[in-house]
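Scroll down for the structure; my scribbles are underneath it.
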Amino acid sequence: MNRVLPVLTILVLIIAVWYAAAILMNAPWQNTLNGRANLTDVPFHTFAQQTWAQDKPILPAPHQVVSEIWNGTVALEITSRRSLAYHGWITLSATLLGFAFGTGLGVLLAVAIIHNDASDRSLMPWIIASQTVPIVAVAPMLVVGLNAVGLTGLVPKALISMYLSFFPVVVGMVKGLRSPEGIQLDLLRTYDANSWQVFWKLRWPAAMPFLFASMKVGIAISLIGAIVAELSNTAGGGLGVRLLTGSVNGQTIQIWAALFIAAGLAAVLVALVGSAERAVNRRMGVRA
Amino acid sequence: ADALTLQLKWVTQAQFAGYLVAEAKGFYDEEDLDITILPGGPNIAPEQVIAGGGADIIVTWMAAGLAARDTGVPLVNIAQPFKRSGLMMICPTESEVTEVADFPGKTLGVWFFGNEYPFFAWMNKEGIATDGSDGGVTVLQQSFDIQPMIQGQADCISVMTYNEYGQALDAGYGPENLTIFNYTEMGNDLLEDGLYVLEDSLDDPAKVDAYTRFVRASMKGWAYALENPEEAAEIVVESDETGAAELDHQLYMVGEVSKLVDADDPALDMATYDRTVKALIDQEIIGAEPEGAYTTVVTDALN
Amino acid sequence: MTPVVQAHNLGLTFPTADGDVVALSDVNLTIEKGDFVSFIGPSGCGKTTFLRTIADLEQPTSGTLEINGQMPENARKDRAYGYVFQAPALYPWRTIEKNVALPLEIMGYSAAQQAERIKRTLDLVNLSGFENKYPWQLSGGMQQRASIARALAFDADLLLMDEPFGALDEIVRDHLNSELLKLWERTKKTICFVTHSIPEAVYLSTKIVVMSPRPGRVTDVIESNLPRERPLDIRETPEFLQIAARVRDGLRAGHSYEEMV
Amino acid sequence: MTPVVQAHNLGLTFPTADGDVVALSDVNLTIEKGDFVSFIGPSGCGKTTFLRTIADLEQPTSGTLEINGQMPENARKDRAYGYVFQAPALYPWRTIEKNVALPLEIMGYSAAQQAERIKRTLDLVNLSGFENKYPWQLSGGMQQRASIARALAFDADLLLMDEPFGALDEIVRDHLNSELLKLWERTKKTICFVTHSIPEAVYLSTKIVVMSPRPGRVTDVIESNLPRERPLDIRETPEFLQIAARVRDGLRAGHSYEEMV
Amino acid sequence: MSFARELTSLQLYLGLVGGGLAALGFLASVPTLGSAPLITVFFALGAVSLARLVMPWSLWLDGLLAVFGAVALIAALPAEGVLPVHHWLALFAAWAFSWLFVERLTTAIRQGRLPHTGTGQVIPLIFGLSLLVIWEVVTRGANVSPVLLPPPSAIAARFAQSTGILWADFVQTFVKSVIPGYLIGCGAGLLVAIAVDRSPFLKAGVMPIGNFMSALPIIGIAPIMVMWFGFDWQSKAAVVVAMTFFPMLVNTVAGLNAASAIERDLMRTYAASYWQTLMMLRLPAAGPFIFNALKINSTLALIGAIVAEFFGTPVVGMGFRISTGVGRLAIDLVWAEIAVAAIAGSAFYGVIALLERGVTFWHPSVRGGRA
Ligand SMILES: Nc1ncnc2c1ncn2[C@@H]1O[C@H](COP(=O)(O)OP(=O)(O)OP(=O)(O)O)[C@@H](O)[C@H]1O
Ligand SMILES: Nc1ncnc2c1ncn2[C@@H]1O[C@H](COP(=O)(O)OP(=O)(O)OP(=O)(O)O)[C@@H](O)[C@H]1O
Ligand SMILES: Cc1ncc(C[n+]2csc(CCO)c2C)c(N)n1
Ligand SMILES: [Mg+2]
Ligand SMILES: [Mg+2]
């Protein structure tokens with residue numbers, strides 16, 4: 001209760017502000033409409049309701065978004081092309097595949113970096129620079145380029161997800177694999193442990209907290225990657241395509257609904273990584 | 001069956017009804033073709049897709065096609081179902097634009113991504129500067145809807161007769177509170193949706209034959225769509241994988257598109273072709289008169 | 001018999017940003033099998049460095065050092081010694097039992113051998129019953145004892161202990177001191193033991209090495225003639241106090257306030 | 001004269017996940033102005049907790065506590081004491097000089113006063129010349145001395161010191177012990193001093209408080225009759241050893257191996 | 001073999017691979033001797049490097065070999081058609097030599113045989129240059145359509161030609177959108193974090209939501225922001241604000257809790273006021289966290305602004321140029337813009353990282369060497 005109440009308060013506050021903002025932002029257009037229909041002296045509460053019920057509002061009211069989500073998920077068959085669950089699933093599969101690629105690549109690079117000085121020096125600056133490349137700009141070309149070598153569908157999206165999500169994993173894992181203190185490494189040296197043993201008995205377990213912290217960031221970024229990729233790859237649908245077509249057709253409610261589904265997806269994914277983390281922590285005896 | 005991939009210029013909508021109907025009604029199957037139709041979008045350049053081998057045939061506007069040819073993608077027009085342009089510029093009365101002379105100092109919304117050539121050709125012809133200098137117009141990269149007009153961010157916006165104009169009508173705009181500049185009526189129209197392939201593929205008679213059957217089936221699709229607008233609109237909605245297409249709007253679009261398409265004759269109209277080429281050369285978008293940018297082998301073989 | 005440790009003109013210099021630090025200079029020392037040698041000296045005099053050099057964790061820059069007659073590197077590869085660090089250095093994701101098992105796993109002991117040795121050494125340091133606890137569930141002193149158990153689990157004849165009881169209070173320290181003496185007597189191991197405490201050094205050792213800093217060097221080596229059997233109250237005898245006084249003098253000589261601490 | 005510290009049936013219980021921990025129970029203690037009081041006892045007996053309660057960093061759960069006749073909170077707001085924590089707790093982004101200046105800045109001393117006090121107290125702890133070094137550029141002992149300087153910089157009459165010399169070797173400790181004694185004599189401050197070392201407690205104090213854990217309580221209060229003037233070798237006198245023995249007995253009584261360490 | 005023993009096994013292996021490939025290439029080019037003389041010479045020299053097994057072979061020779069190989073390859077690139085098969089061996093051999101050079105350079109620096117400053121920075125440069133050479137040789141040598149991926153030389157040429165456009169776009173996107181958006185977003189995040197930190201209730205309410213928001217695909221709001229704030233830089237700055245706000249909020253709140261209990265207790269013993277504690281303890285202690293957010297945000301900001309420009313702009317800006325450039329198949333210009341973005345982004349990140357070194361000099365991660 002102690003934790004729920006403050007969150008609820010803030011949520012209620014946000015929703016209230018949102019409704020108010022919807023009136024304000026949709027008012028000019030509503031005035032035009034009413035003017036055109038020769039409606040004058042509309043009482044405020046009617047006017048408010050009008051602004052909350054526009055077809056293509058500048059800011060849809062919360063209940064409009066909720067009902068769009070409801071209509072797009074529960075009220076539809078899951079296989080329907082209009083189903084948001086269907087589009088969510090498409091984005092999710094690209095996200096998960098990209099996340100798996102990204103985590104794998106990130107860990108591999110981190111292992112290379114901590115074991116090889118030359119890799120450390122030559123790779124690190126470019127890894128940082130890679131993230132300053134606007135992937136949204138490269139994505140369309142990448143999709144076409146991969147298409148040229150016969151890769152279509154899920155894989156190009158997953159590769160873009162990977163491009164974004166490997167970064168936090170490399171950075172975190174380099175930190176994590178280097179986190180054992182000198183004395184812990186010295187201990188293994190006194191046992192004449194080989195580097196394989198040093199890795200599995202010391203570096204890897206020591207890096208676990210860093211891995212999970214990175215994966216939480218990574219999975220959220222993977223989702224962004226999948227959405228960005230879908231902006232450049234409309235075939236097959238997905239939440240990004242819903243965002244795009246919503247934007248193309250001026251369907252604001254559709255944009256917001258896609259956005260909220262994406263947000264929910266991100267929250268669930270991060271929570272899943274979090275529970276995996278807790279499970280591993282329990283097995284590793286981390287203090288609760 | 002011969003497998004061909006068609007890359008559309010835009011998202012799945014009735015602008016491409018002929019192809020979607022041909023696919024849905026089995027006209028391609030009848031011609032022993034296996035067609036994959038790829039939707040496009042604001043970040044997809046069909047010219048690039050075909051250059052990368054991702055498609056065999058693309059739908060694009062002639063100006064963009066010729067410009068691509070100039071940059072080294074040897075595109076060749078094999079058929080031109082769209083005879084007229086659906087492009088317009090509309091200005092609400094508040095903008096106080098009633099004629100071209102009112103443009104200087106105004107902000108105009110224009111679509112880029114290969115759609116900008118007709119506008120610049122028009123301005124070029126009128127002698128109106130577009131580079132932000134005094135006495136010229138301010139150009140906005142317009143989103144693909146009418147929001148900029150509703151919100152007053154632009155004085156005039158670009159619309160297609162079959163799409164955004166319908167949105168404007170829905171939003172309560174109409175001829176009575178709009179000034180409309182129709183590119184076709186002004187004689188400024190450049191050719192729009194045509195079918196393009198890569199030049200070297202035309203050396204292969206089997207390919208040419210497949211293209212011919214493709215165009216024949218597609219035109220059959222167009223004819224069917226124009227005769228049965230309701231069914232065509234339903235097919236479009238059904239074909240849209242994103243679930244964003246709305247039946248009413250697609251029906252409107254079929255109706256408007258029917259005014260632009262000649263379902264009986266997909267051959268290139270040379271007068272408009274010449275105008276398009278001249279406009280591009282005037283603007284220095286292409287360097288010289290293109291050679292071999294179109295072929296009549298396919299349309300000739302149809303009959 | 002070859003000595004366990006033989007250092008000859010041993011020197012070790014650390015190059016650092018603001019100049020070289022001479023951690024060890026001209027150290028000559030012989031440690032025989034069965035010796036209990038304490039190292040005492042002010043902070044920074046090179047006690048830890050000397051132990052680390054024996055353990056092949058640092059490389060001497062001059063002189064020679066032999067462990068059991070061979071190079072330190074080979075001695076390390078032979079697993080000739082057990083090292084107890086100044087901090088417990090237990091791995092937090094392993095239970096006490098698994099921490100003690102660590103060297104055994106690495107050295108390839110069978111599961112049965114591991115179990116037997118874990119039980120024996122945890123008994124020895126009085127930690128039976130805590131096998132499945134994680135380090136953070138134990139007090140600092142218990143952790144330190146676990147780290148001693150870990151060093152004892154494989155039978156190295158040489159034990160290197162760097163201030164193992166530094167973090168403990170006097171009473172617990174007394175207790176562990178007498179336990180350590182008993183262990184030493186029973187197993188006849190050779191022990192090198194670093195401490196800051198004069199009574200502790202005198203109480204435990206057969207030989208006390210007094211060191212002094214800048215440069216780190218050995219200033220005195222005191223052979224203790226106390227009997228091997230040492231009750232706690234030996235510390236109030238005049239013999240004991242006499243040795244303690246000599247150690248204190250040696251220490252004080254190597255000290256000067258302004259520069260060191 | 002009002003006593004500096006007056007505890008009456010003082011109790012403090014920490015509620016924790018696995019039950020309450022009674023850190024202090026029924027503590028009765030009076031400390032007069034000018035006393036030097038040492039607190040000694042096994043780990044976890046509540047020494048730190050008692051000091052923290054005096055400093056208004058913990059709230060008693062029963063009994064009363066008065067500092068200079070007022071509530072601890074008011075005493076804290078009067079800046080009645082200087083506290084030396086068990087760890088140096090220097091701010092790493094401030095130089096030694098600036099660390100010592102911290103309380104002076106907070107209490108609004110002028111720049112000139114600050115400079116004068118910094119110089120004086122750094123001299124006192126023998127750190128002149130290190131004004132512009134950062135804490136991590138100093139050894140542990142130097143850091144601890146800097147934290148003592150910081151507590152001395154503003155003239156609180158009560159000094160609370162929690163094992164300030166724990167990290168130092170015996171020689172340095174001896175030196176600082178006698179410096180502390182001199183300071184105490186000169187300034188007539190009241191000092192509460194936590195230590196693990198029996199000789200240290202006996203050497204320094206006018207009063208030794210022996211504590212014992214579970215629940216934390218005072219088991220003995222020993223008034224020392226040693227003269228105020230104490231050369232280092234007073235530690236070999238019979239009077240000294242006698243007090244030390246009494247402290248050791250008191251301590252041992254509160255100890256039992258299995259549970260504590 | 002004694003000279004080979006100075007090398008690590010990886011280095012020895014690279015040397016053998018480079019030398020072996022070169023020897024193979026030499027044999028393969030005998031029939032066409034003279035068609036690409038530079039490459040043949042490179043093959044010969046590369047094969048000679050196998051002598052490292054029996055005599056000392058300076059690391060600088062390996063560096064020279066790599067450079068020579070790169071130059072020979074680029075000189076031999078055909079104007080049309082693809083590179084002859086055996087020339088690809090030269091690419092692999094040159095790569096092996098440059099890698100070997102980098103490995104040996106690193107070893108030399110670590111062993112103190114070369115100064116750290118200067119040479120240390122050369123290593124990533126060599127790596128980057130190798131990538132560029134590979135890119136150039138592969139795109140031109142394998143005849144990749146410039147519409148798909150232009151070679152770096154074409155991008156560089158376009159860059160040099162279009163500095164005017166690139167500069168105008170940079171000003172529009174970076175100076176007008178990114179910088180203000182970044183400052184406002186980070187500033188607001190910091191202030192809100194401080195405000196939230198004062199009230200446990202607010203903190204309990206805002207933090208879960210803030211954590212949630214910072215994980216969201218905020219990029220998705222770009223079309224909405226364009227709708228709300230118009231076409232010009234304001235909507236881009238708004239996207240940047242939204243993207244940078246939450247990372248700063250979350251990090252700062254965490255950072256304000258970073259001061260240890262004992263450090264806070266110290267302040268309490270001085271009866272320090274809230275503001276004194278904030279300014280003298282908690283903000284400095286939060287420094288590393290705040291800089292962490294500043295660094296994350298420096299890459300996010302540029303990406304956010306560019307995405308937002310995809311949804312409507314005046315006809316200038318990096319995102320505008322990129323999105324319309326693809327439509328016009330001006331792919332070399334697009335890559336020139338991407339290069340500008342990468343350079344600007346890296347420089348931005350670098351400046352923040354330098355600032356961090358200066359401000360949080362005391363933190364172990366900074367003191368302890370490379371960040
Ligand atoms: N890795 C290193 N690099 C540079 N100097 C070092 C290094 N290790 C130790 N030193 C220096 O060598 C000297 C000896 O250090 P050492 O740790 O051996 O002292 P010690 O006698 O163990 O001290 P303490 O009692 O404080 O543990 C010190 O001056 C120390 O600063
Ligand atoms: N914040 C707290 N929450 C719960 N228990 C606490 C807390 N602080 C101290 N304790 C408990 O109170 C008891 C007394 O602790 P205190 O730190 O005062 O001991 P101490 O005598 O200073 O020990 P040491 O010599 O190890 O410093 C211990 O059992 C400790 O675990
Ligand atoms: C020119 C050149 N080529 C390869 C490497 C080595 N390297 C750098 S990153 C990487 C991948 C895994 O670490 C490898 C192998 C180098 N340093 N320089
Ligand atoms: Mg040491
Ligand atoms: Mg304590």
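Just so we're on the same page: first chain in the structure tokens is A, next is B, and so on; residues restart at 1 for each chain, and ligands are numbered from 1 in the order they show up.
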What does the list of residues within 10 Å of ligand 2 look like if you count only C-alpha atoms and all ligand atoms, written as a PyMOL selection string? (chain C and resi 139-140+167-169) or (chain D and resi 12-24+39-53+58+86+162-163+194-196+211-217+260-261)
Take the residues that were just selected and, keeping C-alpha atoms, output them as a PDB file, in the first residue's frame.
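Okay, this is what ended up in result.pdb:
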ATOM      1  CA  SER C 139      30.960 -11.756  10.755  1.00  0.00           C
ATOM      2  CA  GLY C 140      34.306 -10.382   9.636  1.00  0.00           C
ATOM      3  CA  ALA C 167      40.343  -7.075  11.690  1.00  0.00           C
ATOM      4  CA  LEU C 168      39.652  -8.955  14.910  1.00  0.00           C
ATOM      5  CA  ASP C 169      39.380  -7.815  18.468  1.00  0.00           C
TER       6      ASP C 169
ATOM      7  CA  LEU D  12      17.954   1.363  21.982  1.00  0.00           C
ATOM      8  CA  THR D  13      16.379  -1.431  19.951  1.00  0.00           C
ATOM      9  CA  PHE D  14      16.696  -1.804  16.178  1.00  0.00           C
ATOM     10  CA  PRO D  15      13.724  -3.467  14.603  1.00  0.00           C
ATOM     11  CA  THR D  16      15.018  -5.714  11.801  1.00  0.00           C
ATOM     12  CA  ALA D  17      13.562  -8.260   9.438  1.00  0.00           C
ATOM     13  CA  ASP D  18      14.488 -11.211  11.648  1.00  0.00           C
ATOM     14  CA  GLY D  19      13.459  -9.688  14.941  1.00  0.00           C
ATOM     15  CA  ASP D  20      14.563  -6.883  17.197  1.00  0.00           C
ATOM     16  CA  VAL D  21      18.230  -6.258  17.964  1.00  0.00           C
ATOM     17  CA  VAL D  22      18.762  -4.786  21.387  1.00  0.00           C
ATOM     18  CA  ALA D  23      21.818  -2.639  20.754  1.00  0.00           C
ATOM     19  CA  LEU D  24      21.706  -0.840  24.100  1.00  0.00           C
ATOM     20  CA  PHE D  39      34.621   2.263  25.560  1.00  0.00           C
ATOM     21  CA  ILE D  40      35.793  -1.269  25.061  1.00  0.00           C
ATOM     22  CA  GLY D  41      33.948  -4.480  24.321  1.00  0.00           C
ATOM     23  CA  PRO D  42      33.529  -7.205  21.737  1.00  0.00           C
ATOM     24  CA  SER D  43      32.224  -6.518  18.294  1.00  0.00           C
ATOM     25  CA  GLY D  44      28.531  -5.706  18.239  1.00  0.00           C
ATOM     26  CA  CYS D  45      28.225  -4.703  21.882  1.00  0.00           C
ATOM     27  CA  GLY D  46      26.886  -1.277  21.067  1.00  0.00           C
ATOM     28  CA  LYS D  47      29.900   1.018  21.367  1.00  0.00           C
ATOM     29  CA  THR D  48      29.276   2.735  18.078  1.00  0.00           C
ATOM     30  CA  THR D  49      25.574   2.861  18.761  1.00  0.00           C
ATOM     31  CA  PHE D  50      26.139   4.608  22.071  1.00  0.00           C
ATOM     32  CA  LEU D  51      28.391   7.223  20.499  1.00  0.00           C
ATOM     33  CA  ARG D  52      25.887   7.727  17.707  1.00  0.00           C
ATOM     34  CA  THR D  53      23.106   8.192  20.204  1.00  0.00           C
ATOM     35  CA  GLU D  58      20.297   7.435  16.523  1.00  0.00           C
ATOM     36  CA  GLN D  86      35.527   4.659  12.461  1.00  0.00           C
ATOM     37  CA  ASP D 162      35.130   5.778  17.212  1.00  0.00           C
ATOM     38  CA  GLU D 163      38.239   3.589  16.905  1.00  0.00           C
ATOM     39  CA  VAL D 194      36.068   3.638  21.366  1.00  0.00           C
ATOM     40  CA  THR D 195      38.854   1.083  21.063  1.00  0.00           C
ATOM     41  CA  HIS D 196      39.507  -2.633  20.757  1.00  0.00           C
ATOM     42  CA  MET D 211      30.529  -3.345  27.434  1.00  0.00           C
ATOM     43  CA  SER D 212      29.102  -6.693  26.487  1.00  0.00           C
ATOM     44  CA  PRO D 213      26.737  -7.742  23.699  1.00  0.00           C
ATOM     45  CA  ARG D 214      23.332  -9.370  23.307  1.00  0.00           C
ATOM     46  CA  PRO D 215      21.826  -7.228  24.678  1.00  0.00           C
ATOM     47  CA  GLY D 216      24.388  -4.395  24.483  1.00  0.00           C
ATOM     48  CA  ARG D 217      25.023  -3.205  28.023  1.00  0.00           C
ATOM     49  CA  MET D 260      30.327 -14.049  18.403  1.00  0.00           C
ATOM     50  CA  VAL D 261      33.668 -13.541  16.632  1.00  0.00           C
TER      51      VAL D 261
END
Produce as a list in words the set of residues near ligand 3, where near means within 6 Å with only C-alpha atoms and all ligand atoms considered. Leu109, Ala112, Ile113, Ala118, Ser119, Ser122 and Leu123 of chain A; Trp95, Ser98, Trp99, Val102, Phe127 and Ser130 of chain E
Grab the residues selected above and save them as a compact mmCIF listing (two decimals), in the first residue's frame with all heavy atoms.
# COMPACT_ATOMS: atom_id res chain seq x y z
N LEU A 109 32.15 -9.45 -27.69
CA LEU A 109 33.07 -8.32 -27.81
C LEU A 109 33.71 -8.01 -26.47
O LEU A 109 34.91 -7.75 -26.39
CB LEU A 109 32.33 -7.08 -28.33
CG LEU A 109 31.97 -7.11 -29.81
CD1 LEU A 109 31.13 -5.90 -30.18
CD2 LEU A 109 33.23 -7.15 -30.66
N ALA A 112 36.40 -10.42 -25.82
CA ALA A 112 37.58 -10.10 -26.63
C ALA A 112 38.32 -8.90 -26.04
O ALA A 112 39.55 -8.89 -25.95
CB ALA A 112 37.17 -9.81 -28.06
N ILE A 113 37.56 -7.91 -25.63
CA ILE A 113 38.18 -6.68 -25.14
C ILE A 113 38.96 -6.91 -23.86
O ILE A 113 40.07 -6.40 -23.69
CB ILE A 113 37.10 -5.60 -24.94
CG1 ILE A 113 36.67 -5.06 -26.28
CG2 ILE A 113 37.61 -4.48 -24.05
CD1 ILE A 113 35.48 -4.13 -26.22
N ALA A 118 44.89 -5.20 -27.61
CA ALA A 118 44.75 -4.55 -28.92
C ALA A 118 43.28 -4.37 -29.25
O ALA A 118 42.88 -3.33 -29.77
CB ALA A 118 45.43 -5.37 -30.00
N SER A 119 42.46 -5.36 -28.93
CA SER A 119 41.03 -5.23 -29.17
C SER A 119 40.46 -4.09 -28.35
O SER A 119 39.65 -3.31 -28.83
CB SER A 119 40.30 -6.51 -28.80
OG SER A 119 40.65 -7.53 -29.69
N SER A 122 41.60 -0.80 -29.92
CA SER A 122 41.09 -0.46 -31.24
C SER A 122 39.57 -0.46 -31.29
O SER A 122 38.98 0.31 -32.03
CB SER A 122 41.67 -1.41 -32.30
OG SER A 122 41.67 -2.73 -31.85
N LEU A 123 38.93 -1.28 -30.47
CA LEU A 123 37.48 -1.39 -30.58
C LEU A 123 36.70 -0.32 -29.85
O LEU A 123 35.73 0.23 -30.36
CB LEU A 123 37.02 -2.75 -30.05
CG LEU A 123 37.08 -3.90 -31.04
CD1 LEU A 123 36.52 -5.15 -30.38
CD2 LEU A 123 36.23 -3.56 -32.25
N TRP E 95 45.33 -7.02 -44.35
CA TRP E 95 44.57 -6.95 -43.09
C TRP E 95 45.36 -7.67 -41.98
O TRP E 95 45.51 -7.15 -40.88
CB TRP E 95 43.19 -7.58 -43.30
CG TRP E 95 42.33 -7.51 -42.09
CD1 TRP E 95 42.51 -6.71 -40.99
CD2 TRP E 95 41.15 -8.27 -41.85
NE1 TRP E 95 41.50 -6.92 -40.08
CE2 TRP E 95 40.65 -7.87 -40.58
CE3 TRP E 95 40.45 -9.23 -42.56
CZ2 TRP E 95 39.50 -8.43 -40.03
CZ3 TRP E 95 39.30 -9.76 -42.01
CH2 TRP E 95 38.84 -9.36 -40.76
N SER E 98 48.13 -5.50 -40.82
CA SER E 98 47.74 -4.33 -40.01
C SER E 98 47.30 -4.79 -38.63
O SER E 98 47.61 -4.15 -37.62
CB SER E 98 46.67 -3.51 -40.72
OG SER E 98 45.40 -4.07 -40.52
N TRP E 99 46.62 -5.91 -38.58
CA TRP E 99 46.22 -6.44 -37.28
C TRP E 99 47.47 -6.78 -36.46
O TRP E 99 47.61 -6.43 -35.29
CB TRP E 99 45.32 -7.66 -37.48
CG TRP E 99 44.74 -8.23 -36.23
CD1 TRP E 99 45.08 -7.93 -34.95
CD2 TRP E 99 43.71 -9.22 -36.15
NE1 TRP E 99 44.33 -8.66 -34.07
CE2 TRP E 99 43.46 -9.47 -34.78
CE3 TRP E 99 42.95 -9.92 -37.09
CZ2 TRP E 99 42.52 -10.39 -34.34
CZ3 TRP E 99 42.01 -10.83 -36.64
CH2 TRP E 99 41.79 -11.06 -35.28
N VAL E 102 49.03 -3.75 -35.15
CA VAL E 102 48.30 -3.23 -33.99
C VAL E 102 48.62 -4.05 -32.75
O VAL E 102 48.88 -3.50 -31.67
CB VAL E 102 46.78 -3.24 -34.28
CG1 VAL E 102 46.00 -2.98 -33.02
CG2 VAL E 102 46.44 -2.21 -35.33
N PHE E 127 42.86 1.02 -36.78
CA PHE E 127 41.73 0.11 -36.91
C PHE E 127 40.66 0.73 -37.80
O PHE E 127 40.15 0.08 -38.72
CB PHE E 127 41.17 -0.22 -35.52
CG PHE E 127 40.05 -1.19 -35.54
CD1 PHE E 127 40.24 -2.51 -35.89
CD2 PHE E 127 38.76 -0.79 -35.19
CE1 PHE E 127 39.20 -3.41 -35.90
CE2 PHE E 127 37.71 -1.68 -35.20
CZ PHE E 127 37.94 -3.00 -35.55
N SER E 130 41.76 0.78 -41.38
CA SER E 130 41.66 -0.56 -41.97
C SER E 130 40.24 -0.81 -42.43
O SER E 130 40.00 -1.33 -43.53
CB SER E 130 42.05 -1.65 -40.98
OG SER E 130 43.21 -1.29 -40.31
I'd like the contact shell of Thr2 in chain C - 12 Å cut-off, only C-alpha atoms, skipping same-chain residues fewer than 5 positions apart - returned as number ranges by chain. C: 30-33, 66-70
Check every residue of chain D for an atom within 9 Å of chain E, counting only C-alpha atoms, and provide those that qualify as a PyMOL selection string. chain D and resi 55-57+76-79+81-85+87+89-94+102-103+106-107+134+136
Could you pull the residues within 12 Å of Leu148 in chain E, counting only C-alpha atoms, minus those fewer than 3 positions along the same chain, as a ChimeraX atom specification? /A:138,140-149 /B:45,47-54,72-73 /E:139,143-145,151,326,329-332,334-335
Residue set, range 56-200 of chain D restricted to helix (DSSP H, G or I), as a ChimeraX atom specification: /D:72-77,96-106,111-124,135-137,140-153,170-187,198-200
Would you mind listing, as a PDB file with N, CA and C atoms, in the first residue's frame, all residues of chain A that have at least one atom within 6 Å of chain C, where only C-alpha atoms are what counts?
ATOM      1  N   GLN A 184      41.254 -10.815  -5.725  1.00  0.00           N
ATOM      2  CA  GLN A 184      40.496 -12.001  -6.122  1.00  0.00           C
ATOM      3  C   GLN A 184      41.177 -12.711  -7.292  1.00  0.00           C
ATOM      4  N   ASP A 192      47.396 -21.244  -9.477  1.00  0.00           N
ATOM      5  CA  ASP A 192      47.814 -21.508 -10.850  1.00  0.00           C
ATOM      6  C   ASP A 192      46.608 -21.909 -11.717  1.00  0.00           C
ATOM      7  N   MET A 284      22.631 -17.423  -6.702  1.00  0.00           N
ATOM      8  CA  MET A 284      23.987 -17.015  -6.365  1.00  0.00           C
ATOM      9  C   MET A 284      24.090 -16.477  -4.950  1.00  0.00           C
ATOM     10  N   GLY A 285      23.004 -16.612  -4.195  1.00  0.00           N
ATOM     11  CA  GLY A 285      23.065 -16.243  -2.779  1.00  0.00           C
ATOM     12  C   GLY A 285      23.210 -14.763  -2.515  1.00  0.00           C
TER      13      GLY A 285
END
Would you give me, as number ranges by chain, the residues in range 19-150 of chain B that DSSP reads as strand (DSSP E or B)? B: 33-38, 57-60, 75-79, 82, 87-92, 107-110, 138-141
